[in-house]
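A.B. asks: Below you will find the structure I want to go over with you.
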Amino acid sequence: MKGLFTVLLLLSGLQSADLKRDSAFQEGEWFKFEMSYSGFLKAGEGTLTVNDTILNGKPVHHVIGKGWTTGAISWFFKVEDRYESFFDKDTNVPYKFIRKVDEGGHTKDIEIDFNQEEQKAIVKDKKNNKVTTVATEQNVQDMVSAFYYLRNNYDTDKIRRGDVVTLNMFFDEENYGFRLKYLGRQTIKTPFGKVKTLKFRPYVLAGRVFKEEESLTLWVSADKNKIPLKVKADLAVGSLRADLVAFKGLKHSFQIQYN
C-alpha cells in the first residue's frame, strides 16, 4: 500500500513550461482515494489537499498528503503516512518537504529545506537527530511538488504514444531521475461516470515492493485538471489498485460522459 500511495503523490497530470498557462489547480482542491489489494480486499485510503500560505515571506502552495490502511489489512500491517510540501506558487519549485510515516512499525520523521539558488538540500532526520546537506540538481522537485509541477508543465497536446518524460527528483537524501512513459488515450469507467483519460506507465524500482520496472499503470483525466483517476500496480506479491472516489475544489470543469 505504501508504494502505491507514493506513486499517487508523485503522479498526475500534465502542460509546457515554455509559455505561461492557466494553472491546473487552486487552493481548496481535495482528492480522496480508495485502495484495494488483489482486486477485492480493501487496503486503505489517501487524501491530497491544497492550501495557500506564506513561507519565509514567499507565497506558496502548501499541500498535505495522507495515507492509511483500513479494514483487515490494518490488523497485521498498519500504515499512517503524512507528506507535506511547500512550493512556489509561480515556479512550483519546492522550499520545504516533510515526511512523517509509520509503516508496519518502520518509522521516519524527515524535514527537508531546499535552497534552490545554491542547489542544495538540508535534510533533518528528526528520528535519529541528524542533519545532512546534499547537493541537488537545478530546480529539483520533491515527491509531492512534482505531482503539481507536472500538471502545469507537461504539454499533453503534443505528446505521442511512446514518449518518455523525465524529471529531477529528491527523496530522503538522494537525487534520482523520475521517468513516465505515455501509452495513449482511453475512456474508462469511474465512480463519476465515463471519463476520457491519458494513460501512462511510470517506471519504478523492481525488487522488494514492485514486481518489475514497468509494474505501474496510471490513468489521468484528459482535461485541464489532469487529475489521477486510477492506478494499478503489480507487486512482488499480489497487486494494488487505487481509485479516486471523491473530490472538491477543482479549478476547471470535470468532463464526464453519461452514456
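Chain identifiers are assigned as A, B, and so on, following the order in which chains appear in the C-alpha cells; residues are numbered from 1 within each chain, and ligands are numbered from 1 in order of appearance.
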I'd like the neighbourhood of A:Ile54 as a list in words, where a residue qualifies if any of its atoms comes within 10 Å (using only C-alpha atoms), though same-chain residues fewer than 5 positions away should be ignored.
C.D. replies: Pro59, Val60, His61, His62, Phe86 and Asp88 of chain A
A.B. asks: If we count only C-alpha atoms, what is near A:Asp81 at a cut-off of 7 Å, once residues fewer than 3 positions away on the same chain are taken out, given as a list of chain:residue names?
C.D. replies: A:Lys66, A:Gly67, A:Trp68, A:Lys100, A:Val101, A:Asp102
A.B. asks: Which residues are near A:Ala135? Cut-off 9 Å, only C-alpha atoms, ignore same chain within fewer than 3 positions. Put them as a PyMOL selection string.
C.D. replies: chain A and resi 118-121+175
A.B. asks: Of the candidates A:Trp219, A:Phe25, A:Trp75, A:Phe40, which one gets nearest to A:Leu198 if we count only C-alpha atoms?
C.D. replies: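 Closest to A:Leu198 of all the choices is A:Trp219.
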A.B. asks: DSSP on the backbone: which residues in stretch 93-242 of chain A end up as strand (DSSP E)? Give the answer as a ChimeraX atom specification.
C.D. replies: /A:94-103,106-115,120-125,130-135,164-171,174-190,193-202,216-221,228-234,239-242
A.B. asks: Looking only at alpha helix (DSSP H) from DSSP on the backbone, list the matching residues of stretch 21-195 of chain A as a ChimeraX atom specification.
C.D. replies: /A:73-76,145-153
A.B. asks: Could you take the residues named above and write them with C-alpha atoms, as a PDB file, in the first residue's frame?
C.D. replies:
ATOM      1  CA  ILE A  73      -5.024  -5.073   6.238  1.00  0.00           C
ATOM      2  CA  SER A  74      -4.550  -2.743   9.220  1.00  0.00           C
ATOM      3  CA  TRP A  75      -4.824  -5.688  11.626  1.00  0.00           C
ATOM      4  CA  PHE A  76      -1.425  -7.021  10.623  1.00  0.00           C
ATOM      5  CA  SER A 145       5.637  19.153  -5.570  1.00  0.00           C
ATOM      6  CA  ALA A 146       6.380  17.017  -8.651  1.00  0.00           C
ATOM      7  CA  PHE A 147       2.729  15.995  -8.813  1.00  0.00           C
ATOM      8  CA  TYR A 148       1.632  19.614  -9.171  1.00  0.00           C
ATOM      9  CA  TYR A 149       4.612  20.731 -11.268  1.00  0.00           C
ATOM     10  CA  LEU A 150       3.793  18.149 -13.939  1.00  0.00           C
ATOM     11  CA  ARG A 151       0.167  19.218 -14.042  1.00  0.00           C
ATOM     12  CA  ASN A 152       1.274  22.711 -15.057  1.00  0.00           C
ATOM     13  CA  ASN A 153       4.394  21.927 -17.072  1.00  0.00           C
TER      14      ASN A 153
END
A.B. asks: I need the residue nearest A:Glu29 from this list: A:Lys226, A:Tyr258, A:Arg160, A:Lys251. Use only C-alpha atoms for the distance.
C.D. replies: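 Of A:Lys226, A:Tyr258, A:Arg160, A:Lys251, the one nearest A:Glu29, counting only C-alpha atoms, is A:Lys251.
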A.B. asks: Could you list, as a JSON list (two decimals) with C-alpha atoms, in the first residue's frame, every residue within 10 Å of A:Lys124, counting only C-alpha atoms and ignoring same-chain residues fewer than 4 positions away?
C.D. replies:
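result38.json was written with the following content:
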[["chain", "number", "residue", "atom", "x", "y", "z"],
["A", 98, "ILE", "CA", 8.07, 16.91, 5.35],
["A", 109, "ASP", "CA", 10.41, 11.74, 10.55],
["A", 110, "ILE", "CA", 12.25, 13.82, 7.96],
["A", 111, "GLU", "CA", 12.16, 17.52, 7.11],
["A", 112, "ILE", "CA", 13.99, 18.91, 4.07],
["A", 113, "ASP", "CA", 14.74, 22.58, 3.36],
["A", 128, "ASN", "CA", 17.98, 9.98, 14.51],
["A", 129, "ASN", "CA", 18.80, 13.60, 15.40],
["A", 130, "LYS", "CA", 20.96, 14.03, 12.29],
["A", 131, "VAL", "CA", 21.35, 16.89, 9.79],
["A", 132, "THR", "CA", 22.85, 16.34, 6.32],
["A", 133, "THR", "CA", 23.47, 18.73, 3.42],
["A", 172, "ASP", "CA", 15.16, 11.45, 1.73],
["A", 173, "GLU", "CA", 18.88, 12.01, 0.96]]
A.B. asks: Measuring between only C-alpha atoms, which one of A:Asp163, A:Asp52, A:Glu80, A:Asp22 shows the shortest distance to A:Leu183?
C.D. replies: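 Comparing A:Asp163, A:Asp52, A:Glu80, A:Asp22 against A:Leu183, the winner is A:Asp163.
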A.B. asks: Using Å and a single decimal, report how far atom CA of A:Gln257 sits from atom CA of A:Lys199.
C.D. replies: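 Atom CA of A:Gln257 lies 17.6 Å from atom CA of A:Lys199.
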A.B. asks: Tell me, as number ranges by chain, which residues lie within 9 Å of A:Phe170, counting only C-alpha atoms; anything in the same chain fewer than 3 positions away does not count.
C.D. replies: A: 121, 136-137, 140-143, 173-177
A.B. asks: With all heavy atoms retained, export the selected residues as a short mmCIF file (atom, residue, chain, number, x, y, z; two decimals), in the first residue's frame.
C.D. replies:
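Listing of again.cif after writing:
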data_model
loop_
_atom_site.label_atom_id
_atom_site.label_comp_id
_atom_site.auth_asym_id
_atom_site.auth_seq_id
_atom_site.Cartn_x
_atom_site.Cartn_y
_atom_site.Cartn_z
N ALA A 121 20.11 20.68 -0.51
CA ALA A 121 19.01 20.32 0.37
C ALA A 121 19.56 20.04 1.76
O ALA A 121 20.54 19.31 1.91
CB ALA A 121 18.29 19.08 -0.15
N THR A 136 21.97 19.20 -4.94
CA THR A 136 20.81 18.81 -5.75
C THR A 136 20.95 19.31 -7.17
O THR A 136 21.80 20.13 -7.48
CB THR A 136 19.51 19.36 -5.14
OG1 THR A 136 19.55 20.80 -5.14
CG2 THR A 136 19.30 18.86 -3.72
N GLU A 137 20.06 18.81 -8.03
CA GLU A 137 20.01 19.29 -9.41
C GLU A 137 19.25 20.62 -9.46
O GLU A 137 18.54 20.99 -8.52
CB GLU A 137 19.29 18.26 -10.30
CG GLU A 137 19.94 16.89 -10.32
CD GLU A 137 21.29 16.90 -10.99
OE1 GLU A 137 21.54 17.80 -11.82
OE2 GLU A 137 22.10 15.99 -10.69
N VAL A 140 15.18 21.16 -8.62
CA VAL A 140 14.79 19.81 -8.23
C VAL A 140 13.40 19.82 -7.58
O VAL A 140 13.00 20.81 -6.96
CB VAL A 140 15.84 19.22 -7.26
CG1 VAL A 140 15.79 19.90 -5.90
CG2 VAL A 140 15.69 17.72 -7.13
N GLN A 141 12.69 18.71 -7.73
CA GLN A 141 11.35 18.57 -7.16
C GLN A 141 11.36 17.53 -6.04
O GLN A 141 12.17 16.60 -6.03
CB GLN A 141 10.37 18.10 -8.23
CG GLN A 141 10.16 19.09 -9.36
CD GLN A 141 9.36 20.30 -8.93
OE1 GLN A 141 8.44 20.20 -8.11
NE2 GLN A 141 9.69 21.45 -9.48
N ASP A 142 10.46 17.71 -5.07
CA ASP A 142 10.22 16.63 -4.12
C ASP A 142 9.05 15.80 -4.62
O ASP A 142 8.43 16.11 -5.64
CB ASP A 142 9.98 17.17 -2.70
CG ASP A 142 8.70 18.01 -2.58
OD1 ASP A 142 7.63 17.56 -3.03
OD2 ASP A 142 8.77 19.11 -1.99
N MET A 143 8.72 14.71 -3.93
CA MET A 143 7.74 13.77 -4.44
C MET A 143 6.32 14.33 -4.46
O MET A 143 5.47 13.83 -5.20
CB MET A 143 7.77 12.48 -3.64
CG MET A 143 7.45 12.64 -2.18
SD MET A 143 7.49 11.05 -1.30
CE MET A 143 6.11 10.22 -2.04
N GLU A 173 17.56 11.40 1.13
CA GLU A 173 18.88 12.01 0.96
C GLU A 173 19.45 11.70 -0.42
O GLU A 173 20.66 11.67 -0.60
CB GLU A 173 19.85 11.50 2.05
CG GLU A 173 19.43 11.87 3.46
CD GLU A 173 20.43 11.40 4.50
OE1 GLU A 173 21.60 11.16 4.13
OE2 GLU A 173 20.06 11.28 5.67
N GLU A 174 18.60 11.50 -1.40
CA GLU A 174 19.08 11.00 -2.68
C GLU A 174 18.44 11.70 -3.87
O GLU A 174 17.23 11.96 -3.89
CB GLU A 174 18.80 9.49 -2.77
CG GLU A 174 19.36 8.82 -4.00
CD GLU A 174 19.10 7.33 -4.00
OE1 GLU A 174 18.59 6.81 -2.99
OE2 GLU A 174 19.41 6.68 -5.02
N ASN A 175 19.26 12.03 -4.88
CA ASN A 175 18.77 12.52 -6.17
C ASN A 175 18.50 11.34 -7.09
O ASN A 175 19.24 10.35 -7.08
CB ASN A 175 19.84 13.41 -6.84
CG ASN A 175 20.07 14.70 -6.10
OD1 ASN A 175 19.30 15.64 -6.22
ND2 ASN A 175 21.17 14.76 -5.33
N TYR A 176 17.44 11.42 -7.85
CA TYR A 176 17.19 10.38 -8.85
C TYR A 176 16.33 10.92 -9.97
O TYR A 176 15.66 11.96 -9.83
CB TYR A 176 16.55 9.13 -8.22
CG TYR A 176 15.16 9.34 -7.67
CD1 TYR A 176 14.03 9.00 -8.42
CD2 TYR A 176 14.97 9.86 -6.40
CE1 TYR A 176 12.76 9.18 -7.92
CE2 TYR A 176 13.70 10.03 -5.89
CZ TYR A 176 12.60 9.69 -6.65
OH TYR A 176 11.35 9.88 -6.13
N GLY A 177 16.34 10.24 -11.09
CA GLY A 177 15.56 10.66 -12.26
C GLY A 177 14.25 9.90 -12.34
O GLY A 177 14.25 8.67 -12.40
#
A.B. asks: Which residue gives the smallest distance to A:Asp157 among A:Val63, A:Ala222, A:Val195, A:Ala43, with only C-alpha atoms counted?
C.D. replies: A:Ala222
A.B. asks: As an exercise, work out the distance from atom CA of A:Leu218 to atom CA of A:Met169 in Å and give it to one decimal place.
C.D. replies: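 The value is 18.9 Å.
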A.B. asks: Between atom CA of A:Asp155 and atom CA of A:Asp234, what is the distance in Å, rounded to a tenth?
C.D. replies: 28.2 Å
A.B. asks: Which is closest to A:Tyr154 among A:Tyr182, A:Phe114, A:Tyr95, A:Tyr83, if we use only C-alpha atoms?
C.D. replies: A:Tyr182
A.B. asks: For A:Ala72, please output as a list in words all residues within 9 Å (counting only C-alpha atoms; exclusion window: fewer than 5 positions along the same chain).
C.D. replies: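 Once the adjacent positions are removed, what remains is Leu41, Lys42, Ala43 and Phe77 of chain A.
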A.B. asks: Please produce a file of the residues just selected, as a JSON list (two decimals), in the first residue's frame, where the atoms kept are all heavy atoms.
C.D. replies:
[["chain", "number", "residue", "atom", "x", "y", "z"],
["A", 41, "LEU", "N", -9.81, -6.96, -1.72],
["A", 41, "LEU", "CA", -9.63, -6.66, -0.30],
["A", 41, "LEU", "C", -9.28, -5.18, -0.11],
["A", 41, "LEU", "O", -8.26, -4.71, -0.60],
["A", 41, "LEU", "CB", -8.51, -7.53, 0.28],
["A", 41, "LEU", "CG", -8.22, -7.40, 1.77],
["A", 41, "LEU", "CD1", -9.44, -7.81, 2.59],
["A", 41, "LEU", "CD2", -7.00, -8.24, 2.15],
["A", 42, "LYS", "N", -10.16, -4.45, 0.59],
["A", 42, "LYS", "CA", -9.89, -3.04, 0.82],
["A", 42, "LYS", "C", -8.62, -2.87, 1.62],
["A", 42, "LYS", "O", -8.43, -3.51, 2.66],
["A", 42, "LYS", "CB", -11.06, -2.38, 1.55],
["A", 42, "LYS", "CG", -10.93, -0.87, 1.67],
["A", 42, "LYS", "CD", -12.17, -0.23, 2.26],
["A", 42, "LYS", "CE", -12.00, 1.28, 2.33],
["A", 42, "LYS", "NZ", -13.21, 1.94, 2.89],
["A", 43, "ALA", "N", -7.72, -2.00, 1.13],
["A", 43, "ALA", "CA", -6.40, -1.88, 1.74],
["A", 43, "ALA", "C", -6.18, -0.57, 2.47],
["A", 43, "ALA", "O", -5.46, -0.52, 3.47],
["A", 43, "ALA", "CB", -5.32, -2.05, 0.68],
["A", 77, "PHE", "N", -0.76, -5.06, 9.31],
["A", 77, "PHE", "CA", 0.23, -4.12, 8.76],
["A", 77, "PHE", "C", -0.39, -2.72, 8.74],
["A", 77, "PHE", "O", -1.05, -2.34, 7.78],
["A", 77, "PHE", "CB", 0.67, -4.54, 7.36],
["A", 77, "PHE", "CG", 1.87, -3.77, 6.85],
["A", 77, "PHE", "CD1", 3.15, -4.15, 7.20],
["A", 77, "PHE", "CD2", 1.70, -2.66, 6.04],
["A", 77, "PHE", "CE1", 4.26, -3.45, 6.75],
["A", 77, "PHE", "CE2", 2.80, -1.94, 5.58],
["A", 77, "PHE", "CZ", 4.08, -2.34, 5.94]]
A.B. asks: For A:Asn92, which residue among A:Leu48, A:Val79, A:Val123, A:Val144 is the nearest when counting only C-alpha atoms?
C.D. replies: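 Of all the options, A:Val144 lies closest to A:Asn92.
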